[in-house]
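Listing of structure_20.txt; format and content: compact mmCIF, C-alpha atoms and all ligand atoms.
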```txt
# COMPACT_ATOMS: atom_id res chain seq x y z
CA VAL A 1 26.73 -18.68 -4.07
CA ALA A 2 29.27 -21.13 -5.43
CA ASP A 3 29.46 -22.44 -9.00
CA LEU A 4 28.86 -26.13 -9.60
CA LEU A 5 28.95 -28.72 -12.36
CA ILE A 6 26.21 -31.34 -11.96
CA HIS A 7 27.39 -34.25 -14.11
CA ASN A 8 26.46 -37.89 -14.73
CA ILE A 9 22.74 -37.12 -15.11
CA GLY A 10 21.06 -40.20 -16.64
CA LEU A 11 18.18 -38.22 -18.10
CA LEU A 12 17.18 -34.57 -17.82
CA ALA A 13 13.50 -33.73 -18.40
CA THR A 14 11.93 -30.28 -18.31
CA PRO A 15 9.02 -28.21 -19.60
CA ARG A 16 9.97 -25.00 -21.41
CA TRP A 17 8.70 -21.48 -20.79
CA LYS A 18 8.24 -20.83 -24.51
CA ASP A 19 5.72 -23.73 -24.64
CA ARG A 20 3.58 -22.36 -21.81
CA ASP A 21 0.60 -21.51 -24.01
CA GLU A 22 0.77 -24.59 -26.24
CA ARG A 23 -2.31 -26.83 -26.07
CA VAL A 24 -0.37 -30.07 -25.80
CA ARG A 25 2.10 -30.42 -22.95
CA SER A 26 5.54 -31.42 -24.24
CA VAL A 27 8.71 -32.20 -22.33
CA ALA A 28 12.28 -31.62 -23.48
CA LYS A 29 14.54 -34.60 -22.69
CA ILE A 30 18.32 -34.87 -22.73
CA PRO A 31 19.91 -38.27 -22.00
CA GLY A 32 23.45 -38.25 -20.56
CA ALA A 33 23.19 -34.62 -19.45
CA ALA A 34 25.09 -32.14 -17.31
CA ILE A 35 24.24 -28.74 -15.85
CA LEU A 36 26.61 -25.87 -15.15
CA VAL A 37 25.54 -23.55 -12.33
CA GLN A 38 27.04 -20.06 -12.09
CA ASP A 39 26.08 -17.61 -9.36
CA GLY A 40 23.20 -19.84 -8.35
CA ARG A 41 21.67 -19.77 -11.82
CA LEU A 42 21.52 -22.25 -14.69
CA ALA A 43 24.37 -21.28 -17.02
CA GLU A 44 24.66 -24.32 -19.33
CA ILE A 45 22.37 -27.31 -19.89
CA GLY A 46 23.13 -30.01 -22.42
CA SER A 47 24.89 -33.26 -23.18
CA GLU A 48 27.61 -33.99 -20.68
CA ALA A 49 30.54 -33.70 -23.13
CA GLU A 50 29.31 -30.34 -24.38
CA VAL A 51 28.72 -28.81 -20.96
CA ILE A 52 32.06 -30.06 -19.59
CA ARG A 53 33.86 -28.57 -22.58
CA ARG A 54 32.34 -25.15 -21.83
CA ALA A 55 32.75 -25.30 -18.05
CA PRO A 56 35.74 -23.74 -16.23
CA ARG A 57 38.32 -26.45 -15.50
CA ASP A 58 38.38 -26.05 -11.74
CA VAL A 59 34.63 -25.81 -11.10
CA PRO A 60 33.49 -28.06 -8.21
CA ARG A 61 31.53 -31.13 -9.33
CA PHE A 62 28.46 -32.91 -8.05
CA ASP A 63 28.01 -36.50 -9.27
CA ALA A 64 24.31 -37.19 -9.98
CA ASN A 65 25.02 -40.94 -10.13
CA GLY A 66 22.88 -41.48 -13.21
CA ALA A 67 19.81 -39.81 -11.67
CA LEU A 68 16.78 -38.34 -13.41
CA ALA A 69 17.07 -34.53 -13.21
CA LEU A 70 13.88 -32.47 -13.05
CA PRO A 71 13.22 -28.86 -12.13
CA GLY A 72 12.74 -28.37 -8.39
CA LEU A 73 9.03 -29.01 -7.83
CA VAL A 74 6.56 -26.26 -6.92
CA ASP A 75 3.85 -26.95 -4.32
CA CYS A 76 1.42 -24.07 -4.88
CA HIS A 77 -1.13 -24.81 -2.11
CA THR A 78 -0.30 -25.76 1.48
CA HIS A 79 -1.53 -25.01 5.03
CA PRO A 80 1.61 -26.08 6.94
CA VAL A 81 1.50 -23.76 9.98
CA PHE A 82 -0.66 -25.30 12.68
CA VAL A 83 -0.17 -27.06 16.01
CA GLY A 84 -1.23 -30.47 17.26
CA ASN A 85 -3.23 -32.76 15.01
CA ARG A 86 -6.77 -33.84 14.13
CA ALA A 87 -6.26 -37.61 14.13
CA ALA A 88 -9.40 -38.04 16.27
CA GLU A 89 -11.51 -36.29 13.61
CA PHE A 90 -9.92 -38.42 10.89
CA HIS A 91 -11.22 -41.52 12.66
CA LEU A 92 -14.61 -39.91 13.35
CA ARG A 93 -14.93 -39.41 9.61
CA ASN A 94 -13.99 -43.01 8.97
CA ALA A 95 -16.69 -44.04 11.46
CA GLY A 96 -19.30 -42.21 9.38
CA LYS A 97 -19.32 -38.49 10.28
CA THR A 98 -18.76 -36.11 7.37
CA TYR A 99 -16.22 -33.27 7.16
CA LEU A 100 -19.07 -30.73 7.05
CA GLU A 101 -20.87 -32.31 10.03
CA ILE A 102 -17.69 -32.13 12.11
CA ALA A 103 -17.19 -28.50 11.05
CA ALA A 104 -20.83 -27.58 11.82
CA ALA A 105 -20.42 -29.04 15.34
CA GLY A 106 -17.55 -26.62 16.03
CA GLY A 107 -14.72 -28.99 15.07
CA GLY A 108 -12.61 -29.01 11.92
CA ILE A 109 -10.87 -25.70 11.24
CA GLN A 110 -12.08 -24.43 14.64
CA THR A 111 -10.30 -27.31 16.40
CA SER A 112 -7.01 -26.14 14.86
CA ALA A 113 -7.88 -22.51 15.65
CA HIS A 114 -8.24 -23.28 19.38
CA LYS A 115 -4.82 -24.93 19.41
CA VAL A 116 -3.16 -22.03 17.55
CA LYS A 117 -4.73 -19.52 19.92
CA ASP A 118 -3.07 -21.13 22.94
CA ALA A 119 0.34 -21.70 21.34
CA PRO A 120 3.30 -19.30 21.51
CA VAL A 121 4.84 -18.45 18.14
CA GLU A 122 8.00 -20.45 18.96
CA GLN A 123 5.92 -23.61 19.37
CA ILE A 124 4.12 -22.99 16.09
CA ILE A 125 7.46 -22.57 14.31
CA ALA A 126 8.96 -25.68 15.93
CA GLU A 127 5.96 -27.87 15.03
CA SER A 128 5.73 -26.54 11.49
CA LEU A 129 9.38 -26.67 10.38
CA PRO A 130 9.53 -30.49 9.97
CA ARG A 131 6.66 -30.27 7.48
CA PHE A 132 8.78 -28.02 5.26
CA HIS A 133 11.65 -30.51 5.56
CA ARG A 134 9.41 -33.40 4.52
CA SER A 135 8.19 -31.36 1.57
CA LEU A 136 11.79 -30.72 0.52
CA ARG A 137 12.57 -34.45 0.54
CA GLY A 138 9.74 -34.81 -1.96
CA GLY A 139 11.63 -32.53 -4.34
CA VAL A 140 9.83 -29.25 -3.57
CA THR A 141 12.00 -26.13 -3.91
CA THR A 142 9.23 -23.51 -4.08
CA ILE A 143 6.33 -23.70 -1.66
CA GLU A 144 3.24 -21.60 -1.06
CA ALA A 145 2.09 -21.49 2.57
CA LYS A 146 -1.15 -20.11 3.96
CA SER A 147 -2.16 -18.74 7.32
CA GLY A 148 -5.79 -19.50 8.16
CA TYR A 149 -5.88 -21.22 11.55
CA GLY A 150 -5.74 -17.98 13.51
CA LEU A 151 -9.13 -16.74 12.28
CA GLU A 152 -9.02 -13.62 14.49
CA TRP A 153 -6.42 -11.03 13.53
CA GLU A 154 -4.18 -11.74 16.51
CA GLY A 155 -3.87 -15.39 15.52
CA GLU A 156 -3.52 -14.69 11.82
CA ARG A 157 -0.75 -12.19 12.47
CA LYS A 158 0.98 -14.74 14.67
CA LEU A 159 0.88 -17.34 11.87
CA LEU A 160 2.13 -14.88 9.23
CA ASN A 161 4.95 -13.86 11.54
CA ALA A 162 5.75 -17.54 12.09
CA LEU A 163 6.00 -17.91 8.31
CA LEU A 164 8.35 -14.92 8.08
CA GLU A 165 10.63 -16.60 10.62
CA ILE A 166 10.33 -20.02 8.95
CA GLU A 167 11.34 -18.42 5.65
CA GLN A 168 14.69 -17.55 7.22
CA ARG A 169 15.26 -21.14 8.35
CA ILE A 170 14.35 -23.19 5.27
CA PRO A 171 16.16 -23.48 1.95
CA GLN A 172 12.98 -23.39 -0.17
CA LYS A 173 11.56 -20.28 -1.79
CA LEU A 174 8.41 -19.41 0.17
CA HIS A 175 5.27 -17.59 -0.98
CA ARG A 176 3.08 -16.39 1.91
CA THR A 177 -0.71 -16.22 1.64
CA PHE A 178 -3.25 -14.65 4.01
CA LEU A 179 -6.14 -17.14 4.07
CA ILE A 180 -9.60 -16.00 5.19
CA HIS A 181 -10.72 -19.43 6.27
CA HIS A 182 -13.64 -19.40 8.69
CA LEU A 183 -15.72 -17.09 10.89
CA PRO A 184 -14.11 -16.99 14.37
CA ALA A 185 -16.36 -18.35 17.15
CA SER A 186 -16.10 -14.98 18.94
CA PHE A 187 -17.88 -13.35 15.96
CA ALA A 188 -20.66 -15.96 15.74
CA ASP A 189 -23.41 -13.33 16.09
CA ARG A 190 -21.44 -10.48 14.50
CA ARG A 191 -20.76 -11.86 11.05
CA ALA A 192 -21.00 -8.56 9.17
CA ARG A 193 -18.66 -6.97 11.70
CA PHE A 194 -16.02 -9.59 10.99
CA VAL A 195 -16.33 -9.23 7.21
CA ASP A 196 -15.90 -5.46 7.58
CA GLN A 197 -12.88 -5.95 9.79
CA VAL A 198 -11.22 -8.22 7.24
CA VAL A 199 -11.81 -5.68 4.47
CA ARG A 200 -11.01 -2.49 6.41
CA GLU A 201 -8.26 -3.65 8.76
CA MET A 202 -6.78 -7.06 8.09
CA ILE A 203 -6.17 -6.91 4.33
CA PRO A 204 -4.69 -3.38 4.52
CA ALA A 205 -2.42 -4.53 7.38
CA VAL A 206 -1.28 -7.62 5.46
CA ALA A 207 -0.38 -5.43 2.48
CA GLY A 208 1.06 -2.56 4.52
CA HIS A 209 3.40 -4.77 6.57
CA LYS A 210 4.14 -7.09 3.64
CA LEU A 211 3.02 -10.08 5.71
CA ALA A 212 1.83 -11.89 2.58
CA SER A 213 1.67 -11.30 -1.16
CA TRP A 214 -1.48 -13.38 -1.76
CA VAL A 215 -5.01 -13.46 -0.36
CA ASP A 216 -7.07 -16.66 -0.43
CA VAL A 217 -10.65 -17.23 0.73
CA PHE A 218 -12.57 -20.43 1.53
CA CYS A 219 -15.71 -19.74 -0.53
CA GLU A 220 -17.97 -22.61 0.48
CA THR A 221 -21.08 -23.57 2.45
CA GLY A 222 -20.21 -23.16 6.12
CA ALA A 223 -17.30 -20.82 5.38
CA PHE A 224 -17.81 -17.60 3.34
CA THR A 225 -20.50 -16.71 0.79
CA VAL A 226 -19.82 -15.45 -2.72
CA GLU A 227 -20.77 -11.90 -1.69
CA GLU A 228 -18.39 -11.95 1.28
CA SER A 229 -15.63 -13.57 -0.76
CA ARG A 230 -16.06 -10.95 -3.49
CA ARG A 231 -15.51 -8.16 -0.98
CA PHE A 232 -12.33 -9.84 0.30
CA LEU A 233 -10.91 -10.41 -3.17
CA LEU A 234 -11.71 -6.91 -4.40
CA ALA A 235 -10.06 -5.45 -1.31
CA ALA A 236 -7.02 -7.63 -2.01
CA LYS A 237 -6.88 -6.31 -5.56
CA GLU A 238 -7.16 -2.74 -4.35
CA HIS A 239 -4.18 -3.30 -2.05
CA GLY A 240 -2.05 -4.85 -4.78
CA LEU A 241 -2.22 -8.41 -3.44
CA GLY A 242 -2.55 -11.52 -5.62
CA ARG A 243 -5.84 -13.42 -5.43
CA MET A 244 -6.73 -17.10 -5.23
CA VAL A 245 -9.88 -18.96 -4.14
CA HIS A 246 -10.77 -22.25 -2.41
CA ALA A 247 -13.69 -23.03 -4.69
CA ASN A 248 -16.29 -25.68 -5.59
CA GLN A 249 -15.01 -28.33 -3.18
CA PHE A 250 -18.31 -29.56 -1.72
CA GLY A 251 -20.62 -28.25 -4.43
CA HIS A 252 -21.04 -25.49 -7.01
CA SER A 253 -20.19 -22.83 -4.43
CA GLY A 254 -19.92 -19.99 -6.94
CA GLY A 255 -16.22 -19.72 -6.07
CA ALA A 256 -14.99 -20.74 -9.52
CA LEU A 257 -17.20 -18.15 -11.25
CA LEU A 258 -16.13 -15.54 -8.72
CA ALA A 259 -12.46 -16.33 -9.42
CA ALA A 260 -13.13 -15.61 -13.09
CA GLU A 261 -15.10 -12.45 -12.28
CA VAL A 262 -12.33 -10.89 -10.16
CA THR A 263 -9.55 -12.33 -12.39
CA ALA A 264 -8.00 -14.33 -9.58
CA ARG A 265 -4.76 -16.03 -10.61
CA SER A 266 -6.12 -19.45 -9.67
CA ALA A 267 -9.05 -21.43 -8.23
CA HIS A 268 -8.34 -24.50 -6.09
CA HIS A 269 -10.13 -27.81 -5.30
CA LEU A 270 -12.83 -27.73 -8.06
CA GLU A 271 -14.22 -31.18 -7.30
CA HIS A 272 -17.54 -29.86 -8.64
CA LEU A 273 -17.06 -27.99 -11.88
CA ASN A 274 -19.41 -27.73 -14.88
CA GLU A 275 -18.75 -26.60 -18.43
CA ALA A 276 -19.94 -23.01 -17.90
CA GLU A 277 -17.62 -22.68 -14.91
CA MET A 278 -14.71 -24.11 -16.90
CA ASP A 279 -15.35 -21.73 -19.79
CA ALA A 280 -15.51 -18.71 -17.49
CA MET A 281 -12.23 -19.68 -15.82
CA SER A 282 -10.58 -20.36 -19.14
CA LYS A 283 -11.64 -16.99 -20.60
CA ALA A 284 -10.37 -15.14 -17.55
CA GLY A 285 -7.05 -17.03 -17.53
CA VAL A 286 -7.66 -18.56 -14.09
CA VAL A 287 -5.37 -21.56 -13.46
CA ALA A 288 -7.15 -24.66 -12.09
CA VAL A 289 -5.45 -26.27 -9.10
CA ALA A 290 -6.42 -29.86 -8.32
CA LEU A 291 -5.68 -31.27 -4.86
CA PRO A 292 -5.98 -35.04 -5.28
CA ALA A 293 -4.48 -35.90 -1.88
CA SER A 294 -7.35 -34.10 -0.14
CA VAL A 295 -9.92 -35.99 -2.22
CA PHE A 296 -8.13 -39.23 -1.31
CA PHE A 297 -8.01 -38.31 2.38
CA LEU A 298 -11.63 -37.11 2.70
CA GLY A 299 -12.73 -40.29 0.99
CA ASN A 300 -16.20 -39.24 -0.21
CA LEU A 301 -15.67 -36.53 -2.86
CA PRO A 302 -15.32 -36.89 -6.63
CA TYR A 303 -11.91 -36.13 -8.13
CA PRO A 304 -11.84 -32.88 -10.11
CA PRO A 305 -12.65 -33.38 -13.82
CA VAL A 306 -9.13 -32.69 -15.07
CA ARG A 307 -9.53 -34.21 -18.56
CA LYS A 308 -12.53 -31.95 -19.15
CA MET A 309 -10.60 -28.97 -17.77
CA ILE A 310 -7.79 -29.62 -20.24
CA GLU A 311 -10.34 -29.93 -23.09
CA HIS A 312 -11.60 -26.49 -22.03
CA ASP A 313 -8.09 -25.09 -22.38
CA LEU A 314 -7.50 -24.68 -18.66
CA ARG A 315 -3.97 -24.87 -17.24
CA VAL A 316 -3.95 -27.42 -14.43
CA ALA A 317 -1.58 -27.43 -11.47
CA ILE A 318 -1.42 -30.14 -8.79
CA ALA A 319 -0.65 -29.31 -5.16
CA SER A 320 -0.55 -31.17 -1.85
CA ASP A 321 -2.99 -29.04 0.21
CA MET A 322 -0.93 -30.22 3.21
CA ASN A 323 -3.17 -29.53 6.25
CA PRO A 324 -4.35 -31.33 9.41
CA GLY A 325 -7.99 -31.70 8.35
CA SER A 326 -8.19 -32.81 4.75
CA SER A 327 -4.68 -33.71 3.55
CA MET A 328 -2.11 -34.77 6.13
CA THR A 329 0.80 -35.21 3.77
CA ALA A 330 3.70 -33.14 2.49
CA SER A 331 4.39 -35.51 -0.39
CA LEU A 332 3.91 -33.97 -3.80
CA PRO A 333 5.07 -37.23 -5.49
CA PHE A 334 2.12 -39.02 -3.84
CA CYS A 335 -0.22 -36.42 -5.36
CA LEU A 336 1.19 -37.21 -8.80
CA THR A 337 0.23 -40.86 -8.49
CA ALA A 338 -3.28 -39.96 -7.35
CA ALA A 339 -3.60 -37.49 -10.25
CA ALA A 340 -2.37 -40.12 -12.72
CA ILE A 341 -4.91 -42.72 -11.58
CA TYR A 342 -7.96 -40.61 -10.77
CA CYS A 343 -7.50 -37.53 -12.96
CA LYS A 344 -6.05 -39.53 -15.89
CA MET A 345 -3.14 -37.17 -16.46
CA SER A 346 -0.20 -38.14 -18.69
CA PRO A 347 3.44 -38.07 -17.52
CA ALA A 348 4.04 -34.82 -19.43
CA GLU A 349 0.91 -33.19 -17.96
CA LEU A 350 1.90 -34.34 -14.48
CA LEU A 351 5.36 -32.80 -14.83
CA TRP A 352 3.92 -29.46 -15.97
CA SER A 353 1.36 -29.52 -13.14
CA VAL A 354 4.04 -29.45 -10.43
CA THR A 355 6.59 -27.29 -12.24
CA LEU A 356 5.79 -24.51 -14.71
CA ASP A 357 1.99 -24.52 -14.36
CA ALA A 358 2.34 -24.50 -10.56
CA ALA A 359 4.89 -21.67 -10.84
CA ARG A 360 2.33 -19.81 -12.95
CA VAL A 361 -0.10 -19.98 -10.00
CA LEU A 362 2.49 -18.07 -7.95
CA ASP A 363 3.51 -15.73 -10.79
CA ALA A 364 6.98 -17.24 -10.47
CA GLY A 365 7.31 -18.92 -13.87
CA GLU A 366 10.00 -16.60 -15.14
CA ASN A 367 12.40 -17.64 -12.38
CA VAL A 368 11.50 -21.21 -11.38
CA GLY A 369 9.65 -24.28 -12.68
CA SER A 370 11.91 -25.33 -15.56
CA LEU A 371 15.54 -26.14 -16.28
CA GLU A 372 16.39 -23.35 -18.70
CA VAL A 373 19.45 -21.13 -18.95
CA GLY A 374 19.13 -17.98 -16.86
CA LYS A 375 16.67 -19.36 -14.33
CA ALA A 376 17.39 -20.19 -10.68
CA ALA A 377 19.37 -23.44 -10.33
CA ASP A 378 16.58 -25.26 -8.46
CA VAL A 379 16.98 -28.93 -9.38
CA SER A 380 15.53 -32.19 -8.08
CA LEU A 381 17.40 -35.47 -8.70
CA TRP A 382 15.67 -38.86 -8.51
CA ASN A 383 17.01 -42.40 -8.46
CA ILE A 384 14.29 -43.25 -10.95
CA PRO A 385 15.02 -44.30 -14.55
CA ASP A 386 12.52 -42.14 -16.43
CA LEU A 387 9.71 -39.59 -16.16
CA GLU A 388 7.04 -42.30 -16.57
CA SER A 389 8.26 -44.03 -13.40
CA LEU A 390 8.00 -40.96 -11.16
CA SER A 391 4.20 -41.26 -10.65
CA TYR A 392 4.29 -45.06 -11.02
CA HIS A 393 6.05 -45.47 -7.67
CA PHE A 394 3.99 -44.22 -4.76
CA GLY A 395 3.90 -43.72 -1.03
CA ASP A 396 7.63 -43.92 -0.43
CA VAL A 397 9.13 -41.69 -3.12
CA ARG A 398 11.68 -39.12 -2.15
CA ALA A 399 14.31 -37.25 -4.10
CA ALA A 400 17.92 -38.44 -4.17
CA ALA A 401 19.12 -34.84 -3.91
CA VAL A 402 17.65 -31.35 -4.10
CA LEU A 403 19.45 -28.13 -5.06
CA VAL A 404 18.22 -24.59 -4.49
CA ASN A 405 20.11 -21.75 -6.17
CA GLY A 406 22.81 -24.28 -7.02
CA GLU A 407 23.35 -25.41 -3.43
CA VAL A 408 22.74 -28.99 -2.36
CA VAL A 409 20.12 -28.65 0.40
CA TRP A 410 19.02 -32.28 0.67
CA GLU A 411 20.79 -35.54 -0.08
CA ASP A 412 19.37 -38.99 0.59
CA GLY A 413 22.15 -41.19 1.92
CA ASP A 414 20.04 -44.36 1.72
CA ALA A 415 21.43 -46.60 -1.02
CA SER A 416 18.28 -48.79 -0.98
CA ARG A 417 16.37 -45.90 -2.53
CA ARG A 418 16.94 -46.79 -6.15
CA TYR A 419 13.47 -47.15 -7.60
O1 LIG A 501 -8.01 -26.90 1.59
N1 LIG A 501 -11.03 -26.52 2.40
C1 LIG A 501 -10.60 -25.70 3.21
N2 LIG A 501 -9.42 -25.71 3.78
C2 LIG A 501 -8.57 -26.83 3.84
C3 LIG A 501 -8.90 -27.73 4.96
C4 LIG A 501 -8.74 -27.06 6.23
C5 LIG A 501 -8.89 -27.94 7.43
O2 LIG A 501 -9.75 -28.83 7.46
O3 LIG A 501 -8.11 -27.74 8.36
C6 LIG A 501 -8.52 -27.53 2.50
O4 LIG A 501 -8.97 -28.66 2.32
FE FE A 502 -6.55 -25.84 1.09
```
What is this structure when it is put down as structure tokens?
Amino acid sequence: VADLLIHNIGLLATPRWKDRDERVRSVAKIPGAAILVQDGRLAEIGSEAEVIRRAPRDVPRFDANGALALPGLVDCHTHPVFVGNRAAEFHLRNAGKTYLEIAAAGGGIQTSAHKVKDAPVEQIIAESLPRFHRSLRGGVTTIEAKSGYGLEWEGERKLLNALLEIEQRIPQKLHRTFLIHHLPASFADRRARFVDQVVREMIPAVAGHKLASWVDVFCETGAFTVEESRRFLLAAKEHGLGRMVHANQFGHSGGALLAAEVTARSAHHLEHLNEAEMDAMSKAGVVAVALPASVFFLGNLPYPPVRKMIEHDLRVAIASDMNPGSSMTASLPFCLTAAAIYCKMSPAELLWSVTLDAARVLDAGENVGSLEVGKAADVSLWNIPDLESLSYHFGDVRAAAVLVNGEVVWEDGDASRRY
């Protein structure tokens, strides 16, 4: 990996690892900054004159053109490997059917599962790759990606293998998750059989073949019960896999309390969350992940009570939930605007939620999520004057340039994109 001097940065803004347990989110800001990258890592960060003085004379330069420099963003919850789309169901919902009604009638996740079942792995890879590229344009340099549309082991393995191949073809750092999403139709009258198979065969295979490092379960009415989810998460723990939960989306599913009970790293969605659930999560150190784009897209759910979560000392990350059913977007910047308006988060809280606190969800905070000496040189540059303006613009925001390990992996050539 080459060395690089990123100069002419209008403003650099970053959270700091040492502040990770502070109650109030603060942001370090350096106007007129530069960054020296050596061996793909951040070697010097400071005022331009200072960094240039310390840099080797002949180091190649990258002109940031006055941009705002932020850490590369972290999207800690996505379902990007699927085929086809569910536009028809989107319009059914808008005509009055609910997400749960569509699911109960055999649509929803099962619609995507049918399509995955019939698709060769090459097709799944080809349809999924552009979603990772769109995510990158939104500044994302670390992305979590779940399986979950295979349902049966054959399909799940196919999706995890697709992710292994995709990892080779994208510049982002990828975290793979095995998602236990829904009972397959073929097990409709053999529910207990399926649960046993997940615990005795699938989770051990995921761990044994290193297909994923995380296990996630959709703990909700119509998906899996608390008892079933507990068995999955305890099996994951036994096999050394990280644990996260889709919890409390459509009601008080028990998922948030279960996350605390099994010390999952994080619980996601949380549209319905009371004080007792917040306290339990907070005590157990479970990070709360809000997915405002899916609330926006489903149209009839409350936004998660983020201000209350913060009062209860919870760390809050924001993610896209990119998926064909409830959040058809790869744009993390869009999620920031939704979180600002509907979750009432401040610019500093928003920055933390898609950088260090999101990295914490993936246990990656020591390497990514902030611009600090020694960490990976994952940087996003924005033709935006200040941090406050990042969430203020919406719907058409993309990064001016993105660097991963000090290499420029995306550059927007469009001069009209100065926000
Ligand atoms: O996070 N809630 C469960 N899973 C996804 C939606 C899956 C789908 O509808 O395809 C979510 O919203
Ligand atoms: Fe999800």
Please report, as a tab-separated table, each residue of chain A lying at most 10 Å from ligand LIG 501 (chain A), together with the nearest pair of atoms and the separation in Å rounded to one decimal; use all atoms listed in the file, and order rows by chain and ascending residue number.
```
residue	atom	partner	partner_atom	distance
A:His77	CA	A:LIG501	O1	8.1
A:Thr78	CA	A:LIG501	O1	7.8
A:His79	CA	A:LIG501	C2	7.4
A:Pro80	CA	A:LIG501	O3	10.0
A:Phe82	CA	A:LIG501	O3	9.0
A:Asn85	CA	A:LIG501	O3	9.7
A:Arg86	CA	A:LIG501	O3	8.5
A:Glu89	CA	A:LIG501	O2	9.8
A:Tyr99	CA	A:LIG501	O2	7.9
A:Leu100	CA	A:LIG501	O2	9.5
A:Ile102	CA	A:LIG501	O2	9.8
A:Ala103	CA	A:LIG501	O2	8.3
A:Gly107	CA	A:LIG501	O2	9.1
A:Gly108	CA	A:LIG501	O2	5.3
A:Ile109	CA	A:LIG501	O3	4.5
A:Gln110	CA	A:LIG501	O3	8.1
A:Thr111	CA	A:LIG501	O3	8.3
A:Ser112	CA	A:LIG501	O3	6.8
A:Ala113	CA	A:LIG501	O3	9.0
A:Lys146	CA	A:LIG501	O1	9.9
A:Gly148	CA	A:LIG501	C4	8.3
A:Tyr149	CA	A:LIG501	O3	7.6
A:Leu179	CA	A:LIG501	N2	9.2
A:Ile180	CA	A:LIG501	N2	9.8
A:His181	CA	A:LIG501	N2	6.9
A:His182	CA	A:LIG501	C1	8.9
A:Val217	CA	A:LIG501	C1	8.8
A:Phe218	CA	A:LIG501	C1	5.9
A:Cys219	CA	A:LIG501	C1	8.7
A:Glu220	CA	A:LIG501	N1	8.2
A:Ala223	CA	A:LIG501	C1	8.6
A:Val245	CA	A:LIG501	O1	10.0
A:His246	CA	A:LIG501	N1	6.4
A:Ala247	CA	A:LIG501	N1	8.3
A:Asn248	CA	A:LIG501	N1	9.6
A:Gln249	CA	A:LIG501	N1	7.1
A:Phe250	CA	A:LIG501	N1	8.9
A:His268	CA	A:LIG501	O1	8.1
A:His269	CA	A:LIG501	O1	7.3
A:Leu291	CA	A:LIG501	O1	8.1
A:Ala293	CA	A:LIG501	O4	9.5
A:Ser294	CA	A:LIG501	O4	6.2
A:Val295	CA	A:LIG501	O4	8.7
A:Phe297	CA	A:LIG501	O4	9.7
A:Leu298	CA	A:LIG501	O4	8.9
A:Ser320	CA	A:LIG501	O1	9.3
A:Asp321	CA	A:LIG501	O1	5.6
A:Met322	CA	A:LIG501	O1	8.0
A:Asn323	CA	A:LIG501	O3	5.7
A:Pro324	CA	A:LIG501	O3	5.3
A:Gly325	CA	A:LIG501	O2	3.5
A:Ser326	CA	A:LIG501	O4	4.9
A:Ser327	CA	A:LIG501	O4	6.7
A:Met328	CA	A:LIG501	O3	9.5
```
Considering all atoms listed in the file, return as a PyMOL selection string whatever protein or nucleic-acid residues lie within 10 Å of A:Arg23, sequence-local ones (same chain, fewer than 5 positions apart) excluded.
-> chain A and resi 310-311+313-315
Kindly indicate which residue among A:Ile318, A:Thr14, A:Gly242, A:Gly285 lies nearest to ligand FE 502 (chain A), using all atoms listed in the file for the distances.
->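 Of A:Ile318, A:Thr14, A:Gly242, A:Gly285, the one nearest ligand FE 502 (chain A), counting all atoms listed in the file, is A:Ile318.
When only C-alpha atoms are used to measure the gap to A:Ala43, the shortest distance among A:Arg93, A:Lys375, A:Arg137, A:His393 belongs to A:Lys375.
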If you measure from atom CA of A:Val195 to atom CA of A:Val116, what distance in Å do you get, rounded to one decimal?
->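 Atom CA of A:Val195 sits 21.1 Å away from atom CA of A:Val116.
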Counting all atoms listed in the file, the residue of A:Leu381, A:Ile203, A:Val354, A:Cys76 that sits nearest ligand FE 502 (chain A) = A:Cys76
How far is it from atom CA of A:Thr142 to atom CA of A:Val373, in Å with one decimal?
->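 Atom-to-atom, atom CA of A:Thr142 to atom CA of A:Val373, that is 18.2 Å.
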Quick one: of A:Val409, A:Ala359, A:Ala126, A:Ala267, who's nearest to ligand FE 502 (chain A), counting all atoms listed in the file?
-> A:Ala267
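Across the structure, atom CA of A:Leu174 and atom CA of A:Arg20 are spaced 22.7 Å apart.
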Residues within 8 Å of A:Leu273, all atoms listed in the file, excluding chain neighbours under 6 positions, as a PyMOL selection string | chain A and resi 248+252+256+304-305
